[in-house]
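K.L.:
The structure file query17.cif (mmCIF, C-alpha atoms) is provided below.
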```cif
data_query
#
loop_
_atom_site.label_atom_id
_atom_site.label_comp_id
_atom_site.auth_asym_id
_atom_site.auth_seq_id
_atom_site.Cartn_x
_atom_site.Cartn_y
_atom_site.Cartn_z
CA MET A 1 59.23 -3.38 -29.38
CA ASN A 2 59.07 -3.84 -25.66
CA GLU A 3 58.70 -7.00 -23.68
CA ARG A 4 54.97 -6.61 -23.26
CA LEU A 5 54.25 -6.44 -26.93
CA SER A 6 56.46 -9.32 -27.69
CA ASP A 7 54.50 -11.38 -25.19
CA SER A 8 51.27 -10.89 -27.00
CA SER A 9 49.71 -14.32 -26.98
CA ASP A 10 46.09 -14.63 -25.94
CA GLU A 11 47.01 -16.24 -22.65
CA ALA A 12 49.57 -13.60 -21.84
CA LEU A 13 47.14 -10.83 -22.60
CA GLY A 14 44.59 -12.49 -20.37
CA ARG A 15 47.11 -12.71 -17.54
CA ARG A 16 48.03 -9.10 -18.04
CA LEU A 17 44.40 -8.06 -17.85
CA ALA A 18 43.90 -10.01 -14.65
CA SER A 19 47.01 -8.68 -12.98
CA GLU A 20 47.48 -5.15 -14.30
CA LEU A 21 44.06 -3.75 -14.93
CA PRO A 22 43.30 -1.65 -11.83
CA ARG A 23 40.45 -2.91 -9.73
CA HIS A 24 38.03 -0.45 -8.22
CA PRO A 25 36.59 -1.58 -4.89
CA ALA A 26 33.14 -0.34 -3.95
CA PRO A 27 33.28 2.79 -1.78
CA ALA A 28 32.13 2.39 1.80
CA ARG A 29 29.14 4.68 1.32
CA LEU A 30 27.91 2.50 -1.56
CA ARG A 31 28.29 -0.60 0.55
CA ALA A 32 26.31 1.07 3.33
CA ALA A 33 23.61 2.23 0.92
CA VAL A 34 23.19 -1.21 -0.63
CA ALA A 35 23.17 -2.91 2.76
CA GLU A 36 20.56 -0.46 3.96
CA GLY A 37 18.42 -1.24 0.93
CA ALA A 38 18.67 -4.92 1.74
CA ALA A 39 17.83 -4.56 5.41
CA PRO A 40 14.27 -5.69 6.13
CA ARG A 41 11.91 -3.04 7.42
CA PRO A 42 11.07 -3.29 11.11
CA ALA A 43 7.99 -5.39 11.54
CA GLN A 44 4.76 -3.44 11.91
CA PRO A 45 3.26 -3.87 15.38
CA ALA A 46 0.25 -6.19 15.36
CA TRP A 47 -1.98 -3.62 17.03
CA LEU A 48 -1.25 -1.14 14.23
CA THR A 49 -2.42 -3.61 11.60
CA VAL A 50 -5.65 -4.21 13.50
CA ALA A 51 -6.20 -0.49 14.04
CA LEU A 52 -5.59 0.33 10.41
CA SER A 53 -7.94 -2.36 9.12
CA ALA A 54 -10.63 -1.27 11.60
CA ALA A 55 -10.29 2.33 10.48
CA GLY A 56 -10.43 1.25 6.84
CA THR A 57 -13.59 -0.79 7.43
CA ALA A 58 -15.22 2.11 9.26
CA LEU A 59 -14.38 4.46 6.42
CA VAL A 60 -15.83 2.10 3.81
CA LEU A 61 -19.04 1.65 5.81
CA PHE A 62 -19.36 5.39 6.26
CA LEU A 63 -18.99 5.96 2.52
CA VAL A 64 -21.50 3.21 1.72
CA PHE A 65 -24.16 4.63 4.02
CA LEU A 66 -23.42 8.28 3.40
CA PRO A 67 -26.06 8.65 0.65
CA LEU A 68 -28.66 7.12 2.96
CA LEU A 69 -28.08 9.54 5.81
CA PRO A 70 -30.76 12.22 6.13
CA ARG A 71 -29.58 15.47 4.68
CA THR A 72 -29.99 18.68 6.52
CA ALA A 73 -32.91 20.58 5.06
CA PRO A 74 -31.91 24.05 3.89
CA ALA A 75 -33.33 26.89 5.90
CA ASP A 76 -34.34 28.80 2.80
CA PRO A 77 -37.89 27.73 1.78
CA ALA A 78 -37.21 28.28 -1.92
CA GLU A 79 -34.15 26.08 -1.73
CA ARG A 80 -36.04 23.45 0.23
CA LEU A 81 -38.81 23.42 -2.32
CA MET A 82 -36.32 23.41 -5.13
CA ARG A 83 -34.63 20.33 -3.66
CA SER A 84 -37.90 18.43 -3.84
CA VAL A 85 -38.56 19.69 -7.35
CA VAL A 86 -35.12 18.43 -8.38
CA ALA A 87 -35.99 15.05 -6.85
CA GLU A 88 -39.10 15.00 -9.08
CA HIS A 89 -36.94 15.91 -12.05
CA GLU A 90 -34.63 13.01 -11.23
CA ARG A 91 -37.61 10.69 -11.06
CA ALA A 92 -38.77 11.94 -14.46
CA LEU A 93 -35.26 11.37 -15.80
CA MET A 94 -35.33 7.77 -14.63
CA TRP A 95 -38.93 6.84 -15.37
CA GLY A 96 -40.09 9.42 -17.85
CA ALA A 97 -43.21 11.55 -17.74
CA ARG A 98 -46.23 9.43 -17.02
CA HIS A 99 -48.75 11.28 -19.12
CA ALA A 100 -47.37 12.04 -22.53
CA GLY A 101 -49.68 13.64 -25.02
CA ILE A 102 -50.71 16.84 -26.71
CA ILE A 103 -51.04 19.45 -24.00
CA PRO A 104 -54.40 20.98 -24.99
CA ALA A 105 -55.95 17.52 -24.94
CA ALA A 106 -54.48 16.70 -21.54
CA LEU A 107 -55.07 20.10 -20.02
CA PRO A 108 -58.47 19.53 -18.41
CA TRP A 109 -57.24 16.37 -16.75
CA LEU A 110 -54.05 18.09 -15.59
CA THR A 111 -55.91 21.07 -14.22
CA GLN A 112 -58.25 18.79 -12.35
CA GLU A 113 -55.41 16.77 -10.86
CA SER A 114 -53.05 19.62 -10.05
CA GLY A 115 -55.33 22.50 -9.24
CA ILE A 116 -53.38 24.65 -11.63
CA GLY A 117 -54.61 25.88 -14.97
CA LEU A 118 -52.54 26.97 -17.92
CA ALA A 119 -53.85 30.08 -19.66
CA ARG A 120 -51.02 29.68 -22.15
CA VAL A 121 -48.49 26.89 -22.45
CA PHE A 122 -45.23 26.35 -24.22
CA ALA A 123 -45.88 23.28 -26.39
CA GLY A 124 -42.32 22.96 -27.71
CA ASP A 125 -40.44 24.33 -30.71
CA ASP A 126 -37.41 23.56 -32.84
CA ARG A 127 -35.10 23.58 -29.78
CA LEU A 128 -37.29 22.00 -27.13
CA THR A 129 -39.58 19.08 -27.79
CA PHE A 130 -42.51 18.48 -25.51
CA VAL A 131 -42.19 15.11 -23.80
CA GLY A 132 -45.09 14.89 -21.39
CA ALA A 133 -47.07 16.45 -18.56
CA GLU A 134 -48.14 15.11 -15.22
CA PRO A 135 -49.48 16.22 -11.86
CA VAL A 136 -46.95 16.18 -9.04
CA TYR A 137 -47.15 16.25 -5.28
CA VAL A 138 -44.22 18.08 -3.72
CA GLU A 139 -43.76 19.12 -0.09
CA GLY A 140 -47.45 18.69 0.55
CA ARG A 141 -48.44 20.78 -2.47
CA ARG A 142 -50.25 19.64 -5.59
CA GLY A 143 -48.76 20.97 -8.79
CA MET A 144 -47.90 20.04 -12.33
CA ALA A 145 -44.74 19.29 -14.26
CA LEU A 146 -44.18 19.62 -17.99
CA SER A 147 -41.15 17.91 -19.50
CA TYR A 148 -39.21 18.86 -22.60
CA ARG A 149 -36.11 17.47 -24.22
CA ASP A 150 -33.63 19.58 -26.14
CA VAL A 151 -31.72 18.58 -29.28
CA ASP A 152 -28.78 17.36 -27.20
CA GLY A 153 -30.95 15.12 -25.08
CA HIS A 154 -31.09 17.26 -21.93
CA LEU A 155 -34.36 16.82 -20.06
CA VAL A 156 -35.84 20.16 -19.06
CA THR A 157 -38.66 20.09 -16.50
CA TYR A 158 -41.01 22.96 -15.86
CA THR A 159 -42.77 22.61 -12.50
CA VAL A 160 -45.48 24.82 -11.02
CA LEU A 161 -46.57 24.66 -7.39
CA PRO A 162 -48.80 26.81 -5.28
CA ALA A 163 -46.53 28.73 -2.88
CA PRO A 164 -48.00 32.03 -1.81
CA GLY A 165 -45.36 34.42 -0.51
CA LEU A 166 -42.41 32.13 -1.30
CA PRO A 167 -39.30 34.33 -1.02
CA VAL A 168 -37.04 34.03 -4.05
CA PRO A 169 -33.40 34.42 -2.96
CA GLU A 170 -32.41 37.92 -4.02
CA ARG A 171 -28.71 37.27 -4.18
CA ARG A 172 -29.25 34.47 -6.68
CA ARG A 173 -31.30 36.48 -9.11
CA VAL A 174 -30.07 36.77 -12.68
CA GLN A 175 -31.28 39.39 -15.14
CA ILE A 176 -32.48 37.74 -18.35
CA GLY A 177 -34.12 40.30 -20.55
CA ARG A 178 -37.08 41.65 -18.61
CA PHE A 179 -37.10 38.73 -16.17
CA ARG A 180 -35.10 38.23 -12.96
CA PRO A 181 -35.37 34.58 -11.89
CA ALA A 182 -33.02 33.11 -9.31
CA LEU A 183 -30.55 30.46 -10.38
CA LEU A 184 -30.15 27.68 -7.81
CA ASN A 185 -28.05 24.55 -7.90
CA GLU A 186 -28.74 21.22 -6.30
CA SER A 187 -27.17 17.79 -6.71
CA GLY A 188 -25.66 18.57 -10.08
CA PHE A 189 -28.78 20.22 -11.44
CA SER A 190 -29.54 23.84 -12.14
CA ALA A 191 -32.92 25.43 -11.60
CA TRP A 192 -34.53 28.72 -12.48
CA VAL A 193 -36.90 29.75 -9.73
CA TRP A 194 -39.41 32.57 -9.87
CA ARG A 195 -42.89 33.45 -8.72
CA GLN A 196 -45.95 34.20 -10.78
CA GLY A 197 -48.58 35.45 -8.39
CA ASP A 198 -49.14 32.79 -5.79
CA LEU A 199 -47.42 30.13 -7.84
CA ALA A 200 -43.77 29.12 -7.65
CA CYS A 201 -42.26 28.08 -10.94
CA PHE A 202 -39.14 26.00 -11.50
CA ILE A 203 -37.26 24.99 -14.60
CA VAL A 204 -34.77 22.24 -13.84
CA SER A 205 -32.10 20.70 -16.01
CA ASP A 206 -28.65 19.17 -15.72
CA MET A 207 -27.16 22.09 -17.63
CA VAL A 208 -24.65 23.35 -15.13
CA SER A 209 -21.56 24.35 -17.07
CA GLN A 210 -20.91 27.94 -18.09
CA SER A 211 -21.53 27.15 -21.76
CA ASP A 212 -24.74 25.27 -20.93
CA LEU A 213 -25.93 28.18 -18.85
CA GLU A 214 -26.42 30.42 -21.86
CA ARG A 215 -28.64 27.82 -23.49
CA PHE A 216 -30.44 27.30 -20.20
CA LYS A 217 -31.22 31.02 -20.12
CA ASP A 218 -32.63 30.73 -23.62
CA TYR A 219 -34.84 27.82 -22.56
CA PHE A 220 -36.06 29.85 -19.60
CA VAL A 221 -37.10 32.67 -21.91
CA ARG A 222 -38.89 30.33 -24.31
CA VAL A 223 -40.87 28.62 -21.56
CA ARG A 224 -41.43 31.70 -19.41
CA THR A 225 -42.79 33.90 -22.18
CA ALA A 226 -45.10 31.25 -23.58
CA THR A 227 -46.50 29.80 -20.38
CA GLU A 228 -49.07 31.39 -18.06
CA PRO A 229 -50.00 29.24 -15.06
CA VAL A 230 -52.94 30.25 -12.88
CA PRO A 231 -54.50 28.73 -9.77
CA ALA A 232 -57.55 26.81 -10.97
CA TYR A 233 -59.56 26.80 -7.80
CA MET B 234 17.16 -19.50 -0.34
CA ALA B 235 16.24 -17.53 2.77
CA SER B 236 16.09 -13.82 2.31
CA ASP B 237 18.95 -13.10 4.73
CA ASP B 238 21.14 -15.70 3.08
CA PHE B 239 20.39 -14.30 -0.33
CA GLU B 240 21.27 -10.76 0.71
CA ARG B 241 24.43 -11.82 2.46
CA GLN B 242 25.62 -13.81 -0.55
CA ALA B 243 24.63 -11.07 -2.97
CA LEU B 244 26.61 -8.49 -1.03
CA GLN B 245 29.75 -10.61 -1.36
CA HIS B 246 29.88 -9.64 -5.03
CA LEU B 247 29.62 -5.90 -4.44
CA ASP B 248 33.26 -5.10 -5.20
CA ALA B 249 33.27 -7.14 -8.40
CA LEU B 250 30.02 -5.57 -9.56
CA TYR B 251 31.26 -2.08 -8.81
CA ASN B 252 34.49 -2.74 -10.68
CA PHE B 253 32.50 -3.99 -13.66
CA ALA B 254 30.22 -0.95 -13.46
CA ILE B 255 33.23 1.37 -13.41
CA TYR B 256 34.60 -0.16 -16.60
CA LEU B 257 31.20 -0.02 -18.26
CA THR B 258 30.41 3.58 -17.38
CA ARG B 259 33.87 5.07 -16.76
CA ASN B 260 32.09 7.33 -14.33
CA PRO B 261 32.02 6.66 -10.54
CA PRO B 262 28.69 8.38 -9.77
CA GLU B 263 27.04 6.49 -12.61
CA ALA B 264 28.67 3.28 -11.45
CA ASP B 265 27.23 3.92 -7.97
CA ASP B 266 23.77 4.36 -9.40
CA LEU B 267 24.12 1.33 -11.61
CA VAL B 268 25.20 -0.91 -8.73
CA GLN B 269 22.46 0.37 -6.44
CA GLU B 270 19.87 -0.20 -9.13
CA THR B 271 21.25 -3.68 -9.69
CA TYR B 272 20.90 -4.59 -6.03
CA LEU B 273 17.45 -3.06 -5.80
CA ARG B 274 16.33 -5.22 -8.68
CA ALA B 275 18.08 -8.28 -7.34
CA PHE B 276 16.40 -7.93 -3.94
CA ARG B 277 13.05 -7.17 -5.50
CA PHE B 278 13.19 -10.19 -7.78
CA SER B 279 15.09 -12.48 -5.46
CA HIS B 280 12.18 -14.94 -5.61
CA ARG B 281 12.99 -15.47 -9.29
CA PHE B 282 16.51 -16.53 -8.53
CA GLN B 283 16.86 -20.27 -8.69
CA ALA B 284 18.81 -21.52 -5.73
CA GLY B 285 21.78 -23.57 -6.76
CA THR B 286 22.44 -21.57 -9.92
CA HIS B 287 25.17 -19.03 -10.13
CA LEU B 288 24.27 -15.96 -8.14
CA ARG B 289 27.31 -14.09 -9.41
CA ALA B 290 26.32 -14.56 -13.06
CA TRP B 291 22.74 -13.56 -12.26
CA LEU B 292 23.88 -10.32 -10.59
CA PHE B 293 26.25 -9.45 -13.43
CA GLN B 294 23.47 -10.17 -15.88
CA ILE B 295 21.14 -7.77 -14.05
CA LEU B 296 23.83 -5.12 -13.95
CA ARG B 297 24.63 -5.41 -17.63
CA ASN B 298 20.96 -5.44 -18.66
CA THR B 299 20.33 -2.38 -16.52
CA PHE B 300 23.30 -0.68 -18.10
CA LEU B 301 22.12 -1.51 -21.59
CA THR B 302 18.56 -0.47 -20.85
CA PHE B 303 19.13 2.84 -19.11
CA TYR B 304 22.61 4.01 -19.78
CA ARG B 305 22.71 3.18 -23.43
CA LEU B 306 19.67 5.34 -24.04
CA ARG B 307 22.15 8.14 -24.09
CA GLU B 308 24.39 6.39 -26.48
CA ARG B 309 25.00 8.21 -29.64
CA GLU B 310 23.60 6.54 -32.71
CA THR B 311 26.71 4.82 -33.81
CA ALA B 312 27.56 3.42 -37.12
CA ILE B 313 27.21 -0.30 -36.70
CA ALA B 314 29.73 -2.45 -38.47
CA ASP B 315 28.72 -5.61 -40.26
CA ASP B 316 29.64 -7.73 -37.28
CA GLY B 317 27.10 -5.87 -35.13
CA VAL B 318 29.76 -4.07 -33.16
CA PRO B 319 29.84 -0.28 -32.99
CA ASP B 320 32.50 1.46 -35.02
CA TRP B 321 35.95 1.58 -33.62
CA ASP B 322 36.52 5.19 -32.69
CA VAL B 323 33.05 6.18 -31.64
CA PRO B 324 32.74 7.00 -27.93
CA MET B 325 30.29 4.81 -26.14
CA PHE B 326 28.10 7.50 -24.63
CA GLN B 327 26.56 10.59 -26.04
CA ASN B 328 28.05 12.39 -23.07
CA ALA B 329 31.19 10.41 -23.37
CA PRO B 330 32.63 10.09 -19.87
CA GLU B 331 35.95 11.36 -21.14
CA TYR B 332 34.29 14.71 -21.56
CA THR B 333 32.32 14.94 -18.35
CA ALA B 334 33.36 16.37 -15.03
CA ASN B 335 33.06 13.06 -13.25
CA ALA B 336 34.81 11.03 -15.87
CA MET B 337 37.65 8.80 -14.76
CA GLU B 338 41.00 9.19 -16.30
CA ALA B 339 42.71 6.12 -17.64
CA HIS B 340 46.10 5.93 -15.94
CA THR B 341 47.60 3.09 -17.90
CA ASP B 342 47.68 2.09 -21.54
CA LEU B 343 45.77 -1.02 -20.64
CA GLU B 344 42.96 0.99 -19.05
CA ARG B 345 42.96 3.39 -21.96
CA ALA B 346 42.78 0.57 -24.46
CA MET B 347 40.00 -1.15 -22.52
CA SER B 348 37.99 2.04 -22.41
CA ARG B 349 38.12 2.22 -26.20
CA LEU B 350 36.78 -1.27 -26.72
CA PRO B 351 33.15 -1.68 -27.67
CA GLU B 352 30.99 -2.75 -24.76
CA GLU B 353 30.57 -6.34 -25.99
CA PHE B 354 34.32 -6.79 -26.15
CA ARG B 355 35.05 -4.98 -22.91
CA THR B 356 32.44 -7.07 -21.08
CA VAL B 357 33.74 -10.46 -22.23
CA LEU B 358 37.28 -9.53 -21.26
CA LEU B 359 36.24 -8.20 -17.86
CA LEU B 360 34.12 -11.22 -17.07
CA ALA B 361 36.32 -13.94 -18.50
CA GLU B 362 39.81 -12.62 -17.86
CA VAL B 363 39.49 -10.18 -14.95
CA GLU B 364 36.72 -11.90 -12.97
CA GLY B 365 37.78 -15.36 -14.10
CA MET B 366 34.26 -16.49 -14.92
CA PRO B 367 33.81 -19.75 -16.80
CA LEU B 368 32.68 -19.22 -20.38
CA GLU B 369 29.25 -20.69 -19.60
CA GLU B 370 28.66 -18.01 -16.99
CA VAL B 371 29.88 -15.31 -19.33
CA ALA B 372 27.50 -16.62 -21.97
CA ARG B 373 24.66 -16.44 -19.47
CA VAL B 374 25.49 -12.86 -18.50
CA MET B 375 25.68 -11.81 -22.12
CA GLY B 376 22.74 -13.86 -23.28
CA CYS B 377 24.57 -15.54 -26.12
CA PRO B 378 26.03 -18.96 -26.91
CA VAL B 379 29.40 -19.99 -25.55
CA GLY B 380 30.78 -20.06 -29.11
CA THR B 381 29.93 -16.40 -29.51
CA VAL B 382 31.69 -15.64 -26.24
CA LYS B 383 34.83 -17.40 -27.45
CA SER B 384 34.74 -15.53 -30.73
CA ARG B 385 34.25 -12.20 -28.95
CA ILE B 386 37.13 -12.87 -26.61
CA PHE B 387 39.36 -13.64 -29.54
CA ARG B 388 38.35 -10.50 -31.45
CA ALA B 389 38.49 -8.37 -28.32
CA LYS B 390 42.05 -9.41 -27.65
CA GLU B 391 42.98 -8.71 -31.24
CA ARG B 392 41.68 -5.18 -30.95
CA LEU B 393 43.25 -4.72 -27.57
CA ARG B 394 46.62 -5.80 -28.95
CA THR B 395 46.28 -3.37 -31.84
CA LEU B 396 45.47 -0.52 -29.47
CA LEU B 397 48.33 -1.35 -27.13
CA SER B 398 50.66 -1.57 -30.06
CA ASP B 399 49.56 1.88 -31.21
CA TYR B 400 50.21 3.32 -27.75
CA ASP B 401 53.65 1.78 -27.63
CA LYS B 402 54.52 3.20 -31.04
CA GLY B 403 53.22 6.60 -30.01
#
```
Could you spell out this file's structure in structure tokens?

P.N.:
Amino acid sequence: MNERLSDSSDEALGRRLASELPRHPAPARLRAAVAEGAAPRPAQPAWLTVALSAAGTALVLFLVFLPLLPRTAPADPAERLMRSVVAEHERALMWGARHAGIIPAALPWLTQESGIGLARVFAGDDRLTFVGAEPVYVEGRRGMALSYRDVDGHLVTYTVLPAPGLPVPERRRVQIGRFRPALLNESGFSAWVWRQGDLACFIVSDMVSQSDLERFKDYFVRVRTATEPVPAY
Amino acid sequence: MASDDFERQALQHLDALYNFAIYLTRNPPEADDLVQETYLRAFRFSHRFQAGTHLRAWLFQILRNTFLTFYRLRERETAIADDGVPDWDVPMFQNAPEYTANAMEAHTDLERAMSRLPEEFRTVLLLAEVEGMPLEEVARVMGCPVGTVKSRIFRAKERLRTLLSDYDKG
């Protein structure tokens, strides 16, 4: 047994550890890296702080007032009209149709108020429930709006307005059976737009996804085939 | 303590911390990372350090906790003996440093024996005997009572003696 093992008391082992165990000093690059991490960042110039907070405030104000800024009216008359119809749909979403009731009973009053008669009208079915009907005033035109709600709670608004010669955007037309309405989008809503004689018809809903679109086509067919608006006067 | 003072004093312990990290990881690149992470945490949480207490113990405590938290995630599930210490011959890491490209070789029997000690034993010996820390500071670093530190030192030396004896016989 060698000298080391013979000197195996706790104290001796402790001394041996302290004196013989190699020490590993930190490499210079580690020292530099740690010192760099500790070094305070150079102070930001005062003007930069002021400029950044001013820019931030301006951005916040811009975002706050952005919805209030007047939007550029689209050049296309159908799109412009559709935008107003969508606004009416939004109002109906928030406040509901003002004149709920059975359509045949309300029809004379509606015709009188809107100047539009309904030779036939879609009164709802198992997919779309009639909610209400009301006269509307859109872009200086009197018209009428009928509201329906589907089984999933989507509000579907059918709006008719007098608009002789309104051009329906050709490139937006979609073939649905024997019909070719145009599909327009505005503010998160979709709208079918078509003309029946001198009347412009719109069906608006918030069904914008691809899967919703198929159902929206079906709703168009149901309403379009069962409803016949005519100018009353 | 002012920030500059704190950083200056903390940097005085860099060599000791690196040495400790080397013996914990047995792998210089990992020791680098461990020490850098330790200092990052120390600087970030310097406001939690109570002036007048032992900065050295606080830094070693951060280093060891970081090691246990991050580096031991890779530790192989070891069989734990009744005394809560991993089994004798099980390497500490899943990728045991002995088997990695960056692993350090042990040049002396003492180093070799130390590298085979369980972390709890290695740490008490490094802190108490190599760094010369008072037992109270060691207890603080390890988060255990002083009595436990004494007992670990005793058992660690026993195992170390056994290992050294085996090397001498071999």

K.L.:
What are the closest atom pairs, with distances in Å to one decimal, for each residue of chain A lying within 7 Å of chain B, using all atoms listed in the file, rows by chain and rising residue number, as a tab-separated table?

P.N.:
```
residue	atom	partner	partner_atom	distance
A:Leu5	CA	B:Ser398	CA	6.8
A:Asp10	CA	B:Lys390	CA	6.8
A:Gly14	CA	B:Glu362	CA	5.4
A:Leu17	CA	B:Val363	CA	6.1
A:Ala18	CA	B:Val363	CA	4.4
A:Leu21	CA	B:Glu344	CA	6.4
A:Arg23	CA	B:Asn252	CA	6.0
A:His24	CA	B:Asn252	CA	4.9
A:Pro25	CA	B:Asp248	CA	4.9
A:Ala26	CA	B:Asp248	CA	4.9
A:Leu30	CA	B:Asp265	CA	6.6
A:Val34	CA	B:Gln269	CA	6.1
A:Ala38	CA	B:Glu240	CA	6.5
```

K.L.:
Rank nothing, just name the residue among B:Val371, B:Leu288, B:Arg345, B:Ala389 nearest to A:Pro22, using only C-alpha atoms.

P.N.:
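So, comparing all the options, the nearest one is B:Arg345.
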
K.L.:
Atom CA of B:Asn260 and atom CA of A:Ala33, how far apart in Å?

P.N.:
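Interatomic distance, atom CA of A:Ala33 to atom CA of B:Asn260: 18.2 Å.
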
K.L.:
Leaving out B:Val374 and any residue of its chain fewer than 3 positions from it, which residues lie within 10 Å of it when counting all atoms listed in the file, given as a list in words?

P.N.:
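Close residues of B:Val374: Arg289, Ala290, Trp291, Leu292, Phe293, Gln294, Ile295, Leu296, Arg297, Asn298, Thr356, Val357, Leu360, Leu368, Glu369, Glu370, Val371 and Cys377 of chain B.
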
K.L.:
Taking the file as shown, find all residues satisfying the PyMOL selection byres ((chain A and resi 127) around 10) and write them as a VMD selection string.

P.N.:
chain A and resid 124 to 126 128 to 130 148 to 152 215 218 to 219 222

K.L.:
Output C-alpha atoms for every residue in the selection just made, as a short mmCIF file (atom, residue, chain, number, x, y, z; two decimals), keeping the file's coordinate frame.

P.N.:
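Just written: again_28.cif:
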```
data_model
loop_
_atom_site.label_atom_id
_atom_site.label_comp_id
_atom_site.auth_asym_id
_atom_site.auth_seq_id
_atom_site.Cartn_x
_atom_site.Cartn_y
_atom_site.Cartn_z
CA GLY A 124 -42.32 22.96 -27.71
CA ASP A 125 -40.44 24.33 -30.71
CA ASP A 126 -37.41 23.56 -32.84
CA LEU A 128 -37.29 22.00 -27.13
CA THR A 129 -39.58 19.08 -27.79
CA PHE A 130 -42.51 18.48 -25.51
CA TYR A 148 -39.21 18.86 -22.60
CA ARG A 149 -36.11 17.47 -24.22
CA ASP A 150 -33.63 19.58 -26.14
CA VAL A 151 -31.72 18.58 -29.28
CA ASP A 152 -28.78 17.36 -27.20
CA ARG A 215 -28.64 27.82 -23.49
CA ASP A 218 -32.63 30.73 -23.62
CA TYR A 219 -34.84 27.82 -22.56
CA ARG A 222 -38.89 30.33 -24.31
#
```

K.L.:
Just to confirm, what's the straight-line distance from atom CA of A:Ser84 to atom CA of A:Phe189 in Å (one decimal)?

P.N.:
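Answer for the atom CA of A:Ser84 to atom CA of A:Phe189 separation: 12.0 Å.
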
K.L.:
Any chance you could model N, CA and C atoms for stretch 244-259 of chain B and send them as a compact mmCIF listing (two decimals), in the frame of the given file?

P.N.:
```
# COMPACT_ATOMS: atom_id res chain seq x y z
N LEU B 244 25.70 -9.58 -1.40
CA LEU B 244 26.61 -8.49 -1.03
C LEU B 244 28.09 -8.88 -1.16
N GLN B 245 28.35 -10.17 -1.19
CA GLN B 245 29.75 -10.61 -1.36
C GLN B 245 30.31 -10.21 -2.73
N HIS B 246 29.42 -9.95 -3.67
CA HIS B 246 29.88 -9.64 -5.03
C HIS B 246 29.89 -8.13 -5.30
N LEU B 247 29.71 -7.35 -4.24
CA LEU B 247 29.62 -5.90 -4.44
C LEU B 247 30.86 -5.31 -5.11
N ASP B 248 32.03 -5.68 -4.62
CA ASP B 248 33.26 -5.10 -5.20
C ASP B 248 33.38 -5.46 -6.68
N ALA B 249 33.13 -6.71 -7.01
CA ALA B 249 33.27 -7.14 -8.40
C ALA B 249 32.26 -6.41 -9.29
N LEU B 250 31.05 -6.26 -8.77
CA LEU B 250 30.02 -5.57 -9.56
C LEU B 250 30.37 -4.10 -9.76
N TYR B 251 30.89 -3.49 -8.70
CA TYR B 251 31.26 -2.08 -8.81
C TYR B 251 32.40 -1.90 -9.81
N ASN B 252 33.36 -2.80 -9.74
CA ASN B 252 34.49 -2.74 -10.68
C ASN B 252 33.99 -2.86 -12.12
N PHE B 253 33.08 -3.80 -12.33
CA PHE B 253 32.50 -3.99 -13.66
C PHE B 253 31.75 -2.73 -14.10
N ALA B 254 30.99 -2.15 -13.14
CA ALA B 254 30.22 -0.95 -13.46
C ALA B 254 31.13 0.22 -13.82
N ILE B 255 32.27 0.30 -13.12
CA ILE B 255 33.23 1.37 -13.41
C ILE B 255 33.73 1.24 -14.85
N TYR B 256 34.06 0.01 -15.24
CA TYR B 256 34.60 -0.16 -16.60
C TYR B 256 33.51 -0.01 -17.68
N LEU B 257 32.27 -0.24 -17.28
CA LEU B 257 31.20 -0.02 -18.26
C LEU B 257 30.91 1.47 -18.42
N THR B 258 30.84 2.18 -17.31
CA THR B 258 30.41 3.58 -17.38
C THR B 258 31.56 4.57 -17.44
N ARG B 259 32.72 4.17 -16.89
CA ARG B 259 33.87 5.07 -16.76
C ARG B 259 33.49 6.32 -15.98
```
